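Enquirer: I am sharing data_25.cif, which consists of mmCIF, C-alpha atoms and all ligand atoms:
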data_upload
loop_
_atom_site.label_atom_id
_atom_site.label_comp_id
_atom_site.auth_asym_id
_atom_site.auth_seq_id
_atom_site.Cartn_x
_atom_site.Cartn_y
_atom_site.Cartn_z
CA MET A 1 -17.69 8.63 -19.08
CA HIS A 2 -15.48 5.50 -18.88
CA TYR A 3 -16.29 4.74 -15.23
CA VAL A 4 -18.98 4.93 -12.55
CA LEU A 5 -18.80 4.76 -8.77
CA GLU A 6 -20.24 1.48 -7.53
CA CYS A 7 -21.17 0.63 -3.94
CA VAL A 8 -19.36 -2.49 -2.76
CA GLU A 9 -22.24 -3.26 -0.36
CA CYS A 10 -25.50 -2.65 -2.26
CA GLY A 11 -24.20 -2.47 -5.84
CA SER A 12 -25.83 0.94 -6.62
CA GLU A 13 -24.05 2.99 -9.28
CA PHE A 14 -23.45 6.73 -9.35
CA ASP A 15 -21.83 9.19 -11.71
CA ASP A 16 -21.25 11.90 -9.10
CA ASP A 17 -17.52 12.22 -8.38
CA SER A 18 -18.10 14.25 -5.22
CA LEU A 19 -19.33 11.13 -3.39
CA VAL A 20 -17.02 9.26 -1.04
CA ARG A 21 -19.61 6.86 0.36
CA CYS A 22 -22.82 5.36 -0.92
CA PRO A 23 -25.78 7.75 -0.42
CA GLU A 24 -28.13 4.73 -0.41
CA CYS A 25 -26.56 2.50 2.25
CA GLY A 26 -23.39 4.26 3.49
CA GLY A 27 -21.14 1.55 1.97
CA LEU A 28 -17.73 2.01 0.42
CA LEU A 29 -17.58 3.14 -3.19
CA GLU A 30 -15.30 1.70 -5.81
CA VAL A 31 -14.43 2.96 -9.29
CA ALA A 32 -16.00 0.52 -11.77
CA LEU A 33 -14.44 0.92 -15.20
CA ARG A 34 -16.84 0.57 -18.14
CA TYR A 35 -14.65 -1.85 -20.01
CA ASP A 36 -16.61 -1.67 -23.27
CA GLU A 37 -15.95 2.07 -23.47
CA ILE A 38 -12.18 1.76 -23.05
CA GLU A 39 -10.08 1.02 -26.10
CA VAL A 40 -6.70 -0.24 -25.00
CA SER A 41 -4.37 -3.11 -25.76
CA ARG A 42 -0.92 -4.14 -24.51
CA SER A 43 0.74 -1.84 -27.05
CA THR A 44 -1.15 1.20 -25.70
CA PHE A 45 1.03 1.09 -22.61
CA GLU A 46 4.28 -0.44 -23.84
CA GLY A 47 5.99 2.56 -25.43
CA ARG A 48 5.29 4.86 -22.48
CA ARG A 49 7.47 5.81 -19.54
CA LEU A 50 6.49 3.37 -16.78
CA GLY A 51 4.44 4.99 -14.01
CA VAL A 52 0.91 5.69 -12.83
CA TRP A 53 0.00 8.01 -15.72
CA ALA A 54 1.16 5.50 -18.33
CA PHE A 55 -2.23 3.92 -17.60
CA ARG A 56 -4.24 7.13 -17.95
CA GLU A 57 -7.05 5.47 -19.96
CA LEU A 58 -7.76 3.35 -16.85
CA LEU A 59 -7.75 6.26 -14.38
CA PRO A 60 -10.96 8.06 -13.35
CA VAL A 61 -9.92 11.64 -14.11
CA ASN A 62 -10.72 14.02 -16.90
CA THR A 63 -7.68 16.29 -16.95
CA ASP A 64 -4.44 16.49 -18.92
CA ASP A 65 -2.80 18.33 -16.05
CA PRO A 66 -2.60 15.98 -13.04
CA VAL A 67 -0.87 16.75 -9.74
CA THR A 68 2.11 14.51 -10.28
CA MET A 69 5.73 13.87 -9.29
CA SER A 70 6.42 10.84 -11.51
CA GLU A 71 4.98 8.29 -9.13
CA GLY A 72 5.04 4.59 -9.87
CA GLY A 73 7.52 3.06 -12.29
CA THR A 74 9.06 1.22 -9.35
CA GLY A 75 11.46 -1.68 -9.79
CA LEU A 76 10.30 -5.29 -9.99
CA HIS A 77 13.51 -6.79 -8.70
CA PRO A 78 14.41 -10.45 -9.16
CA CYS A 79 15.60 -11.76 -5.77
CA PRO A 80 17.18 -15.15 -6.49
CA ARG A 81 19.24 -15.41 -3.30
CA LEU A 82 16.32 -14.66 -1.01
CA GLY A 83 14.03 -16.79 -3.19
CA GLU A 84 16.32 -19.78 -2.73
CA GLU A 85 16.46 -19.20 1.02
CA LEU A 86 12.65 -19.00 1.23
CA GLY A 87 12.17 -21.97 -1.11
CA VAL A 88 10.55 -20.46 -4.20
CA ARG A 89 11.70 -20.80 -7.80
CA GLU A 90 11.22 -17.20 -8.81
CA LEU A 91 10.86 -14.31 -6.36
CA PHE A 92 10.39 -10.67 -7.34
CA VAL A 93 10.13 -7.69 -5.04
CA LYS A 94 7.97 -4.81 -6.29
CA ASN A 95 9.68 -2.08 -4.32
CA GLU A 96 7.22 0.71 -3.65
CA GLY A 97 9.76 2.54 -1.49
CA GLU A 98 11.04 3.95 -4.79
CA ASN A 99 8.06 6.32 -5.05
CA PRO A 100 8.55 10.12 -4.59
CA THR A 101 7.71 10.19 -0.87
CA GLY A 102 8.92 6.64 -0.29
CA SER A 103 5.71 4.60 -0.27
CA PHE A 104 2.93 3.22 -2.49
CA LYS A 105 0.59 5.93 -1.19
CA ASP A 106 1.91 8.30 -3.87
CA ARG A 107 0.20 6.23 -6.57
CA GLY A 108 -3.10 6.90 -4.87
CA MET A 109 -2.42 10.50 -3.95
CA THR A 110 -1.53 11.63 -7.47
CA VAL A 111 -5.00 10.50 -8.56
CA GLY A 112 -6.84 11.46 -5.35
CA VAL A 113 -5.36 14.95 -5.09
CA THR A 114 -5.92 15.52 -8.83
CA LYS A 115 -9.58 14.66 -8.20
CA ALA A 116 -9.66 16.97 -5.14
CA VAL A 117 -8.49 19.85 -7.36
CA GLU A 118 -10.99 18.89 -10.07
CA LEU A 119 -13.78 19.00 -7.45
CA GLY A 120 -12.62 22.38 -6.11
CA ALA A 121 -11.72 21.07 -2.63
CA GLU A 122 -9.74 23.49 -0.47
CA VAL A 123 -8.92 21.41 2.60
CA VAL A 124 -7.75 17.81 2.29
CA ALA A 125 -7.29 15.52 5.28
CA CYS A 126 -6.42 12.04 6.42
CA ALA A 127 -5.80 9.91 9.47
CA SER A 128 -2.50 8.12 9.23
CA THR A 129 -0.01 5.76 10.74
CA GLY A 130 2.54 7.87 8.83
CA ASN A 131 2.88 7.17 5.12
CA THR A 132 -0.52 8.43 4.03
CA SER A 133 0.16 11.70 5.86
CA ALA A 134 3.65 12.07 4.35
CA SER A 135 2.25 11.52 0.88
CA LEU A 136 -0.83 13.68 1.26
CA ALA A 137 1.23 16.51 2.77
CA ALA A 138 3.55 16.48 -0.27
CA TYR A 139 0.81 16.32 -2.91
CA ALA A 140 -1.29 18.95 -1.13
CA ALA A 141 1.76 21.24 -1.04
CA ARG A 142 2.25 20.72 -4.76
CA ALA A 143 -1.42 21.48 -5.45
CA GLY A 144 -1.54 24.47 -3.08
CA LEU A 145 -4.20 22.92 -0.84
CA THR A 146 -4.55 23.14 2.92
CA CYS A 147 -3.75 19.78 4.48
CA ALA A 148 -4.61 18.36 7.91
CA VAL A 149 -3.25 15.03 9.14
CA LEU A 150 -4.40 13.22 12.30
CA LEU A 151 -1.80 10.87 13.75
CA PRO A 152 -1.84 8.44 16.70
CA ALA A 153 0.34 10.32 19.19
CA GLY A 154 3.75 8.75 19.75
CA LYS A 155 3.19 5.93 17.26
CA VAL A 156 4.42 7.38 13.97
CA ALA A 157 7.93 6.65 12.65
CA LEU A 158 10.25 9.64 12.70
CA GLY A 159 10.89 9.91 8.95
CA LYS A 160 7.18 10.02 8.17
CA LEU A 161 6.50 12.61 10.86
CA ALA A 162 9.33 14.78 9.51
CA GLN A 163 7.86 14.57 6.00
CA ALA A 164 4.36 15.66 7.07
CA LEU A 165 5.71 18.52 9.19
CA PHE A 166 8.18 19.74 6.59
CA HIS A 167 5.67 19.77 3.72
CA GLY A 168 3.59 22.17 5.81
CA ALA A 169 0.65 20.00 6.81
CA ARG A 170 -1.31 20.80 9.97
CA VAL A 171 -0.09 17.86 11.99
CA ILE A 172 -2.56 16.92 14.73
CA PRO A 173 -1.47 14.13 17.11
CA VAL A 174 -4.48 12.49 18.78
CA ASN A 175 -4.75 10.49 21.97
CA GLY A 176 -5.88 7.21 20.51
CA ASN A 177 -4.96 4.82 17.74
CA PHE A 178 -5.26 5.13 13.94
CA ASP A 179 -8.81 3.77 13.96
CA ASP A 180 -9.94 6.50 16.40
CA ALA A 181 -8.33 9.18 14.23
CA LEU A 182 -9.95 7.83 11.07
CA ASP A 183 -13.41 7.96 12.69
CA VAL A 184 -12.94 11.69 13.27
CA VAL A 185 -11.77 12.41 9.71
CA LYS A 186 -14.70 10.45 8.30
CA LYS A 187 -17.11 12.54 10.38
CA LEU A 188 -15.49 15.81 9.20
CA ALA A 189 -15.70 14.56 5.62
CA ASP A 190 -19.40 13.68 6.00
CA GLU A 191 -20.03 17.24 7.17
CA GLY A 192 -18.19 18.64 4.14
CA ILE A 193 -15.45 20.25 6.28
CA VAL A 194 -12.60 18.34 4.63
CA TYR A 195 -12.06 16.19 1.52
CA ILE A 196 -10.91 12.81 2.82
CA LEU A 197 -7.93 11.11 1.19
CA ASN A 198 -7.74 7.91 3.15
CA SER A 199 -8.40 4.69 1.31
CA VAL A 200 -12.17 5.14 1.69
CA ASN A 201 -11.67 7.51 -1.24
CA PRO A 202 -12.35 5.47 -4.40
CA PHE A 203 -10.21 7.69 -6.64
CA ARG A 204 -7.15 7.19 -4.45
CA LEU A 205 -7.45 3.43 -4.64
CA SER A 206 -7.74 3.58 -8.45
CA GLY A 207 -4.20 4.95 -8.51
CA GLN A 208 -3.00 2.03 -6.40
CA ARG A 209 -4.36 -0.44 -8.99
CA THR A 210 -1.39 0.57 -11.15
CA ILE A 211 0.82 -1.69 -9.00
CA ALA A 212 -0.91 -4.64 -10.70
CA TYR A 213 -0.80 -3.00 -14.14
CA GLU A 214 2.95 -2.42 -13.79
CA ILE A 215 3.71 -5.94 -12.53
CA CYS A 216 2.02 -7.43 -15.61
CA LEU A 217 3.78 -5.07 -18.00
CA GLN A 218 7.16 -5.70 -16.32
CA LEU A 219 6.66 -9.46 -16.68
CA ASP A 220 5.86 -9.08 -20.40
CA TRP A 221 2.17 -9.61 -19.61
CA GLU A 222 2.75 -12.91 -17.84
CA VAL A 223 0.87 -13.10 -14.56
CA PRO A 224 2.60 -14.19 -11.34
CA ASP A 225 1.17 -17.20 -9.52
CA ALA A 226 1.03 -15.37 -6.19
CA VAL A 227 1.20 -11.77 -4.97
CA VAL A 228 2.00 -11.20 -1.28
CA VAL A 229 0.96 -7.90 0.33
CA PRO A 230 1.23 -6.50 3.88
CA VAL A 231 -2.23 -5.54 5.14
CA GLY A 232 -3.24 -2.69 7.45
CA ASN A 233 -6.30 -0.67 6.46
CA ALA A 234 -6.64 -3.23 3.63
CA GLY A 235 -7.01 -0.79 0.73
CA ASN A 236 -3.87 -1.81 -1.10
CA ILE A 237 -4.51 -5.53 -1.42
CA SER A 238 -8.05 -4.75 -2.61
CA ALA A 239 -6.77 -2.22 -5.16
CA ILE A 240 -4.05 -4.52 -6.49
CA TRP A 241 -6.55 -7.35 -6.96
CA GLN A 242 -8.94 -4.96 -8.73
CA GLY A 243 -6.06 -3.92 -10.98
CA PHE A 244 -5.50 -7.51 -12.07
CA LEU A 245 -9.26 -7.90 -12.63
CA ASP A 246 -9.28 -4.77 -14.82
CA LEU A 247 -6.57 -6.16 -17.11
CA TYR A 248 -8.29 -9.55 -17.21
CA ARG A 249 -11.67 -8.09 -18.11
CA LEU A 250 -10.08 -5.88 -20.76
CA GLY A 251 -8.58 -9.01 -22.33
CA ILE A 252 -5.00 -7.85 -21.69
CA ILE A 253 -4.09 -10.80 -19.47
CA ASP A 254 -5.64 -14.25 -19.49
CA GLU A 255 -4.91 -15.43 -15.95
CA LEU A 256 -5.23 -14.06 -12.44
CA PRO A 257 -2.84 -14.40 -9.50
CA ARG A 258 -3.69 -15.60 -6.01
CA MET A 259 -3.61 -12.77 -3.46
CA TYR A 260 -1.94 -13.35 -0.08
CA GLY A 261 -2.32 -10.94 2.86
CA VAL A 262 0.09 -10.64 5.77
CA GLN A 263 -0.68 -8.94 9.09
CA ALA A 264 1.24 -8.48 12.31
CA GLU A 265 0.44 -10.87 15.15
CA GLY A 266 -0.78 -7.96 17.30
CA ALA A 267 -3.11 -6.50 14.63
CA ARG A 268 -4.64 -9.33 12.63
CA PRO A 269 -8.44 -9.05 12.18
CA ILE A 270 -8.27 -10.01 8.49
CA VAL A 271 -6.24 -13.14 9.22
CA GLU A 272 -8.78 -14.17 11.87
CA ALA A 273 -11.73 -13.63 9.51
CA ILE A 274 -10.06 -15.64 6.72
CA ARG A 275 -9.18 -18.47 9.07
CA ARG A 276 -12.70 -18.65 10.49
CA GLY A 277 -14.44 -18.25 7.12
CA LYS A 278 -16.19 -15.03 8.25
CA GLU A 279 -17.72 -12.44 5.88
CA ASP A 280 -16.52 -9.54 8.01
CA ILE A 281 -13.92 -8.87 10.68
CA GLU A 282 -14.12 -8.46 14.40
CA PRO A 283 -12.19 -5.25 15.15
CA ASP A 284 -9.20 -5.43 17.48
CA PRO A 285 -9.53 -2.50 19.93
CA GLU A 286 -5.86 -2.52 20.91
CA PRO A 287 -3.64 -3.23 17.91
CA GLU A 288 0.10 -3.34 18.61
CA THR A 289 3.18 -4.07 16.52
CA VAL A 290 6.67 -2.78 15.79
CA ALA A 291 5.45 -2.31 12.20
CA THR A 292 3.59 0.89 13.06
CA ALA A 293 2.32 1.31 9.47
CA ILE A 294 0.03 -1.71 9.91
CA ARG A 295 -0.89 -1.06 13.54
CA ILE A 296 -4.60 -1.04 12.61
CA GLY A 297 -7.37 -2.95 14.39
CA ASN A 298 -10.43 -2.02 12.32
CA PRO A 299 -9.47 -1.96 8.63
CA VAL A 300 -12.06 0.02 6.68
CA ASN A 301 -11.57 -2.00 3.50
CA ALA A 302 -11.92 -5.35 5.25
CA ILE A 303 -14.86 -6.60 3.18
CA LYS A 304 -13.06 -5.89 -0.08
CA ALA A 305 -9.82 -7.45 1.12
CA LEU A 306 -11.58 -10.60 2.29
CA ARG A 307 -13.23 -10.88 -1.12
CA ALA A 308 -9.91 -10.34 -2.92
CA ILE A 309 -8.15 -13.04 -0.92
CA ARG A 310 -11.02 -15.53 -1.22
CA CYS A 311 -12.01 -14.93 -4.85
CA SER A 312 -8.39 -15.22 -5.96
CA GLY A 313 -7.85 -18.47 -4.05
CA GLY A 314 -5.25 -16.93 -1.74
CA TRP A 315 -4.84 -16.94 2.02
CA ALA A 316 -3.74 -14.76 4.96
CA VAL A 317 -1.22 -15.22 7.73
CA GLU A 318 0.13 -13.34 10.74
CA VAL A 319 3.81 -12.81 11.52
CA SER A 320 5.49 -11.87 14.80
CA ASP A 321 7.48 -8.66 15.29
CA GLU A 322 10.61 -10.79 15.52
CA GLU A 323 9.86 -12.45 12.18
CA ILE A 324 9.21 -9.04 10.61
CA LEU A 325 12.53 -7.59 11.81
CA SER A 326 14.50 -10.61 10.75
CA ALA A 327 12.90 -10.57 7.25
CA GLN A 328 13.72 -6.84 7.03
CA ARG A 329 17.37 -7.59 7.70
CA GLU A 330 17.44 -10.56 5.31
CA LEU A 331 16.09 -8.49 2.43
CA ALA A 332 18.63 -5.76 3.15
CA THR A 333 21.66 -8.03 3.49
CA ARG A 334 20.86 -10.60 0.78
CA GLU A 335 19.31 -8.40 -1.89
CA GLY A 336 20.30 -4.82 -1.04
CA ILE A 337 16.70 -3.66 -0.62
CA PHE A 338 16.01 -1.55 2.47
CA VAL A 339 12.35 -1.48 3.47
CA GLU A 340 10.42 -0.42 6.54
CA PRO A 341 9.15 -3.10 8.96
CA ALA A 342 5.57 -3.27 7.61
CA SER A 343 6.93 -3.97 4.13
CA ALA A 344 9.10 -6.79 5.40
CA ALA A 345 5.94 -8.48 6.66
CA SER A 346 5.38 -9.65 3.07
CA ILE A 347 8.74 -11.47 3.09
CA ALA A 348 8.14 -12.96 6.54
CA GLY A 349 4.67 -14.00 5.38
CA LEU A 350 5.99 -15.65 2.23
CA ARG A 351 8.22 -17.86 4.34
CA LYS A 352 5.12 -19.09 6.20
CA PHE A 353 3.01 -19.55 3.07
CA VAL A 354 5.74 -21.77 1.62
CA GLU A 355 6.17 -23.70 4.88
CA GLU A 356 2.40 -24.24 5.11
CA GLY A 357 2.19 -25.39 1.48
CA GLU A 358 0.01 -22.45 0.39
CA ILE A 359 2.63 -21.40 -2.17
CA ASP A 360 4.57 -24.05 -4.10
CA ALA A 361 8.31 -24.17 -4.55
CA ASP A 362 8.02 -23.99 -8.35
CA GLU A 363 5.86 -20.86 -8.44
CA ARG A 364 6.57 -17.29 -9.50
CA VAL A 365 5.90 -14.94 -6.58
CA VAL A 366 5.81 -11.16 -6.25
CA CYS A 367 6.18 -9.63 -2.78
CA VAL A 368 5.08 -6.01 -2.60
CA THR A 369 7.33 -3.99 -0.30
CA THR A 370 5.35 -0.91 0.52
CA GLY A 371 7.65 1.69 2.10
CA HIS A 372 11.32 2.72 2.24
CA GLY A 373 13.54 1.66 5.14
CA LEU A 374 14.69 5.23 5.81
CA LYS A 375 11.17 6.06 6.97
CA ASP A 376 11.86 4.37 10.28
CA PRO A 377 15.56 4.60 11.16
CA GLU A 378 14.90 4.33 14.91
CA THR A 379 13.61 0.75 14.73
CA VAL A 380 16.63 -0.29 12.70
CA MET A 381 19.14 1.39 15.02
CA GLU A 382 17.63 -0.46 17.97
CA VAL A 383 18.77 -3.76 16.50
CA CYS A 384 22.11 -2.55 15.05
CA GLU A 385 25.25 -2.16 17.09
CA LEU A 386 27.17 1.04 16.31
CA PRO A 387 30.88 0.25 16.76
CA GLU A 388 33.10 2.44 18.96
CA PRO A 389 35.27 4.96 17.03
CA VAL A 390 38.93 4.02 16.45
CA GLU A 391 42.03 5.89 15.31
CA PRO A 392 42.23 6.24 11.50
CA ASP A 393 45.38 4.15 11.00
CA PRO A 394 45.50 1.45 8.29
CA GLU A 395 46.64 -1.37 10.58
CA THR A 396 43.73 -0.98 12.99
CA ILE A 397 41.28 -0.72 10.12
CA GLN A 398 42.72 -3.81 8.40
CA ARG A 399 42.40 -5.76 11.66
CA LEU A 400 38.78 -4.67 12.07
CA ILE A 401 37.91 -5.65 8.49
CA ALA A 402 39.36 -9.10 9.04
CA GLU A 403 37.46 -9.68 12.30
C1 LIG B 1 4.44 0.79 4.60
C2 LIG B 1 3.03 0.31 4.63
N1 LIG B 1 2.80 -0.98 4.35
C3 LIG B 1 1.57 -1.48 4.37
C4 LIG B 1 0.49 -0.70 4.67
C5 LIG B 1 -0.84 -1.34 4.65
O1 LIG B 1 -1.57 -0.95 3.52
P1 LIG B 1 -3.14 -0.98 3.57
O2 LIG B 1 -3.55 -0.05 4.67
O3 LIG B 1 -3.57 -0.49 2.24
O4 LIG B 1 -3.53 -2.36 3.87
C6 LIG B 1 0.68 0.65 4.99
C7 LIG B 1 -0.41 1.56 5.37
O5 LIG B 1 -1.47 1.53 4.96
C8 LIG B 1 1.97 1.16 4.92
O6 LIG B 1 2.21 2.44 5.19
N1 LIG B 2 -0.61 2.79 6.81
C1 LIG B 2 -1.55 3.80 6.49
C2 LIG B 2 -2.82 3.70 7.23
C3 LIG B 2 -3.90 4.50 6.52
O1 LIG B 2 -4.28 3.84 5.43
P1 LIG B 2 -5.12 4.46 4.23
O2 LIG B 2 -4.67 3.66 3.07
O3 LIG B 2 -6.51 4.30 4.60
O4 LIG B 2 -4.78 5.90 4.06
C4 LIG B 2 -0.85 5.15 6.63
O5 LIG B 2 0.22 5.27 6.08
O6 LIG B 2 -1.37 6.04 7.25
#
Give the structure from this file in structure tokens form.
Expert:
Amino acid sequence: MHYVLECVECGSEFDDDSLVRCPECGGLLEVALRYDEIEVSRSTFEGRRLGVWAFRELLPVNTDDPVTMSEGGTGLHPCPRLGEELGVRELFVKNEGENPTGSFKDRGMTVGVTKAVELGAEVVACASTGNTSASLAAYAARAGLTCAVLLPAGKVALGKLAQALFHGARVIPVNGNFDDALDVVKKLADEGIVYILNSVNPFRLSGQRTIAYEICLQLDWEVPDAVVVPVGNAGNISAIWQGFLDLYRLGIIDELPRMYGVQAEGARPIVEAIRRGKEDIEPDPEPETVATAIRIGNPVNAIKALRAIRCSGGWAVEVSDEEILSAQRELATREGIFVEPASAASIAGLRKFVEEGEIDADERVVCVTTGHGLKDPETVMEVCELPEPVEPDPETIQRLIAE
């Protein structure tokens, strides 16, 4: 076997794939690759079609028949105009909205749902602020599994809700926030009633490491100075950092980037813990932000994210809803990239990191934009003015264009 499951709290190792938490101490489990048993080099990956399964030697599955829809292989777009505006020499956007269901979650789900099938699970479930449910619903449909998704009632963007409903998931709105919903799913998973596919699932997060693998390959194996990631439940920033560590320990890259986390002002336990030098977070019981995807007060992967930010020499910052919405518009109008509000937090955060001197003007920076703008059309329409209809005559139209 080329991997084991390792507890991030007590360090115990297990080779039982049915585990989703440490049987010794209850801690989170992580896939630990056994680097000396993996024979890969840069050329192993180069000739392949870019995507999650291009890195199959680094994924913890034992099948040639994964549940897949060509996830990953997203663009790493140079953004010179926005870079100049924000004050960095080289800015790239890794646009995860280009995944099959429109968010980075698909990278995790292709691996997590493949593992669910391998383990013989029949019912898969998650709590979600929207994207996890949209992704799980799609992959469960493809695998023929029953899927249940618990959502904070009234707080999920319309596009995401439509996806979960239309893929045939059992959509269960709950009175409470995401953190309350996740507690319930974790309990059902502990009792063996469902197979959980939130980011407590170590196999799912292995798939998300491919964001780092792809960034390195797309930059011809050069490593960016800084990677900026929006943070909610904190699985993604931890997985991306672990992805860079994998390549480093395999001898494929010889440097590591600094990891920067961005949270919304109204949901910022990680930022507080970083600022105060704390080992763990203090949960926020009432998270609130327009970026509903990161409206999370008690991130389950907090310990891992704090380690990723600290060990890499990075930092964390909060941004206001206003800053998020204005960064969303800037990315759309200057670079043609339409992302949902949570994703734009990385751009708004970069502005602050540069202003605060955390990231230098001559550095190469990658901002990860995590979900497509069409997921949340309502938020966008609230800030756009829809012009009144006019008669279709050329003179009127010409006048309007010139205005
Ligand atoms: C669009 C989007 N961005 C960012 C995040 C935050 O990612 P994480 O929870 O892994 O920190 C989420 C949800 O998790 C999301 O849906
Ligand atoms: N934004 C997430 C929140 C759940 O995160 P997960 O990574 O633990 O599944 C969502 O889309 O639901």
Enquirer: Can you work out which residues are within 6 Å of ligand LIG 2 (chain B), considering all atoms listed in the file, and then hand them over as an NGL selection string?
Expert: :A and (128-132 or 198-199 or 233 or 235 or 293-294)
Enquirer: Around all the atoms of ligand LIG 1 (chain B) listed in the file, draw an axis-aligned box and extend it by 8 Å on each of the six sides; I want its centre and edge lengths in Å to one decimal, as lines of an AutoDock Vina configuration file.
Expert:
center_x = 0.4
center_y = 0.0
center_z = 3.8
size_x = 24.0
size_y = 20.8
size_z = 19.1
Enquirer: Interatomic distance between atom CA of A:Val124 and atom CA of A:Thr68?
Expert: 16.3 Å
Enquirer: Please list as a PDB file with C-alpha atoms, keeping the file's coordinate frame every residue within 9 Å of stretch 238-249 of chain A, counting all atoms listed in the file and excluding residues in the same chain fewer than 4 positions away.
Expert:
ATOM      1  CA  LEU A  33     -14.440   0.920 -15.200  1.00  0.00           C
ATOM      2  CA  TYR A  35     -14.650  -1.850 -20.010  1.00  0.00           C
ATOM      3  CA  LEU A  58      -7.760   3.350 -16.850  1.00  0.00           C
ATOM      4  CA  LEU A 205      -7.450   3.430  -4.640  1.00  0.00           C
ATOM      5  CA  SER A 206      -7.740   3.580  -8.450  1.00  0.00           C
ATOM      6  CA  GLY A 207      -4.200   4.950  -8.510  1.00  0.00           C
ATOM      7  CA  GLN A 208      -3.000   2.030  -6.400  1.00  0.00           C
ATOM      8  CA  ARG A 209      -4.360  -0.440  -8.990  1.00  0.00           C
ATOM      9  CA  THR A 210      -1.390   0.570 -11.150  1.00  0.00           C
ATOM     10  CA  ILE A 211       0.820  -1.690  -9.000  1.00  0.00           C
ATOM     11  CA  ALA A 212      -0.910  -4.640 -10.700  1.00  0.00           C
ATOM     12  CA  TYR A 213      -0.800  -3.000 -14.140  1.00  0.00           C
ATOM     13  CA  CYS A 216       2.020  -7.430 -15.610  1.00  0.00           C
ATOM     14  CA  VAL A 223       0.870 -13.100 -14.560  1.00  0.00           C
ATOM     15  CA  ALA A 234      -6.640  -3.230   3.630  1.00  0.00           C
ATOM     16  CA  ILE A 253      -4.090 -10.800 -19.470  1.00  0.00           C
ATOM     17  CA  ASP A 254      -5.640 -14.250 -19.490  1.00  0.00           C
ATOM     18  CA  GLU A 255      -4.910 -15.430 -15.950  1.00  0.00           C
ATOM     19  CA  LEU A 256      -5.230 -14.060 -12.440  1.00  0.00           C
ATOM     20  CA  PRO A 257      -2.840 -14.400  -9.500  1.00  0.00           C
ATOM     21  CA  ARG A 258      -3.690 -15.600  -6.010  1.00  0.00           C
ATOM     22  CA  MET A 259      -3.610 -12.770  -3.460  1.00  0.00           C
ATOM     23  CA  ASN A 301     -11.570  -2.000   3.500  1.00  0.00           C
ATOM     24  CA  ALA A 302     -11.920  -5.350   5.250  1.00  0.00           C
ATOM     25  CA  LYS A 304     -13.060  -5.890  -0.080  1.00  0.00           C
ATOM     26  CA  ALA A 305      -9.820  -7.450   1.120  1.00  0.00           C
ATOM     27  CA  LEU A 306     -11.580 -10.600   2.290  1.00  0.00           C
ATOM     28  CA  ARG A 307     -13.230 -10.880  -1.120  1.00  0.00           C
ATOM     29  CA  ALA A 308      -9.910 -10.340  -2.920  1.00  0.00           C
ATOM     30  CA  ILE A 309      -8.150 -13.040  -0.920  1.00  0.00           C
ATOM     31  CA  SER A 312      -8.390 -15.220  -5.960  1.00  0.00           C
TER      32      SER A 312
END
Enquirer: Let me make sure I understand: among A:Leu219, A:Ala267, A:Cys79, A:Cys384, which one has the smallest atom-to-atom distance to ligand LIG 1 (chain B) if we use only C-alpha atoms and all ligand atoms?
Expert: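 The closest residue to ligand LIG 1 (chain B) is A:Ala267.
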Enquirer: Which value, in Å to one decimal, gives the distance between atom CA of A:Pro66 and atom CA of A:Asp183?
Expert: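 Atom CA of A:Asp183 lies at a distance of 29.0 Å from atom CA of A:Pro66.
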Enquirer: Please compute the atom CA of A:Trp53-atom CA of A:Asp376 distance, one decimal, in Å.
Expert: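 Atom-to-atom, atom CA of A:Trp53 and atom CA of A:Asp376 are spaced 28.8 Å apart.
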Enquirer: Using all atoms listed in the file, pick whichever of A:Lys94, A:Ile296, A:His77, A:Trp221 has the shortest atom-to-atom distance to A:Ala181.
Expert: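 Smallest distance to A:Ala181 is found for A:Ile296.
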Enquirer: Smallest atom-to-atom distance to ligand LIG 1 (chain B): which of A:Ala402, A:Cys311, A:Cys147, A:Ala134, using all atoms listed in the file?
Expert: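 Closest residue, counting all atoms listed in the file: A:Ala134.
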Enquirer: Between A:Asp360, A:Asp321, A:Glu96, A:Asp16, which one has atoms that come closest to A:Pro60, using all atoms listed in the file?
Expert: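 The answer is A:Asp16, which sits nearest to A:Pro60.
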Enquirer: Would you list the contacts of A:Val354 as a compact mmCIF listing (two decimals) with C-alpha atoms, in the coordinates of the input, taking every protein, DNA or RNA residue within 10 Å and counting all atoms listed in the file, but skipping same-chain residues closer than 6 positions in sequence?
Expert:
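After the write, part_21.txt holds the following:
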# COMPACT_ATOMS: atom_id res chain seq x y z
CA LEU A 86 12.65 -19.00 1.23
CA GLY A 87 12.17 -21.97 -1.11
CA VAL A 88 10.55 -20.46 -4.20
CA ASP A 360 4.57 -24.05 -4.10
CA ALA A 361 8.31 -24.17 -4.55
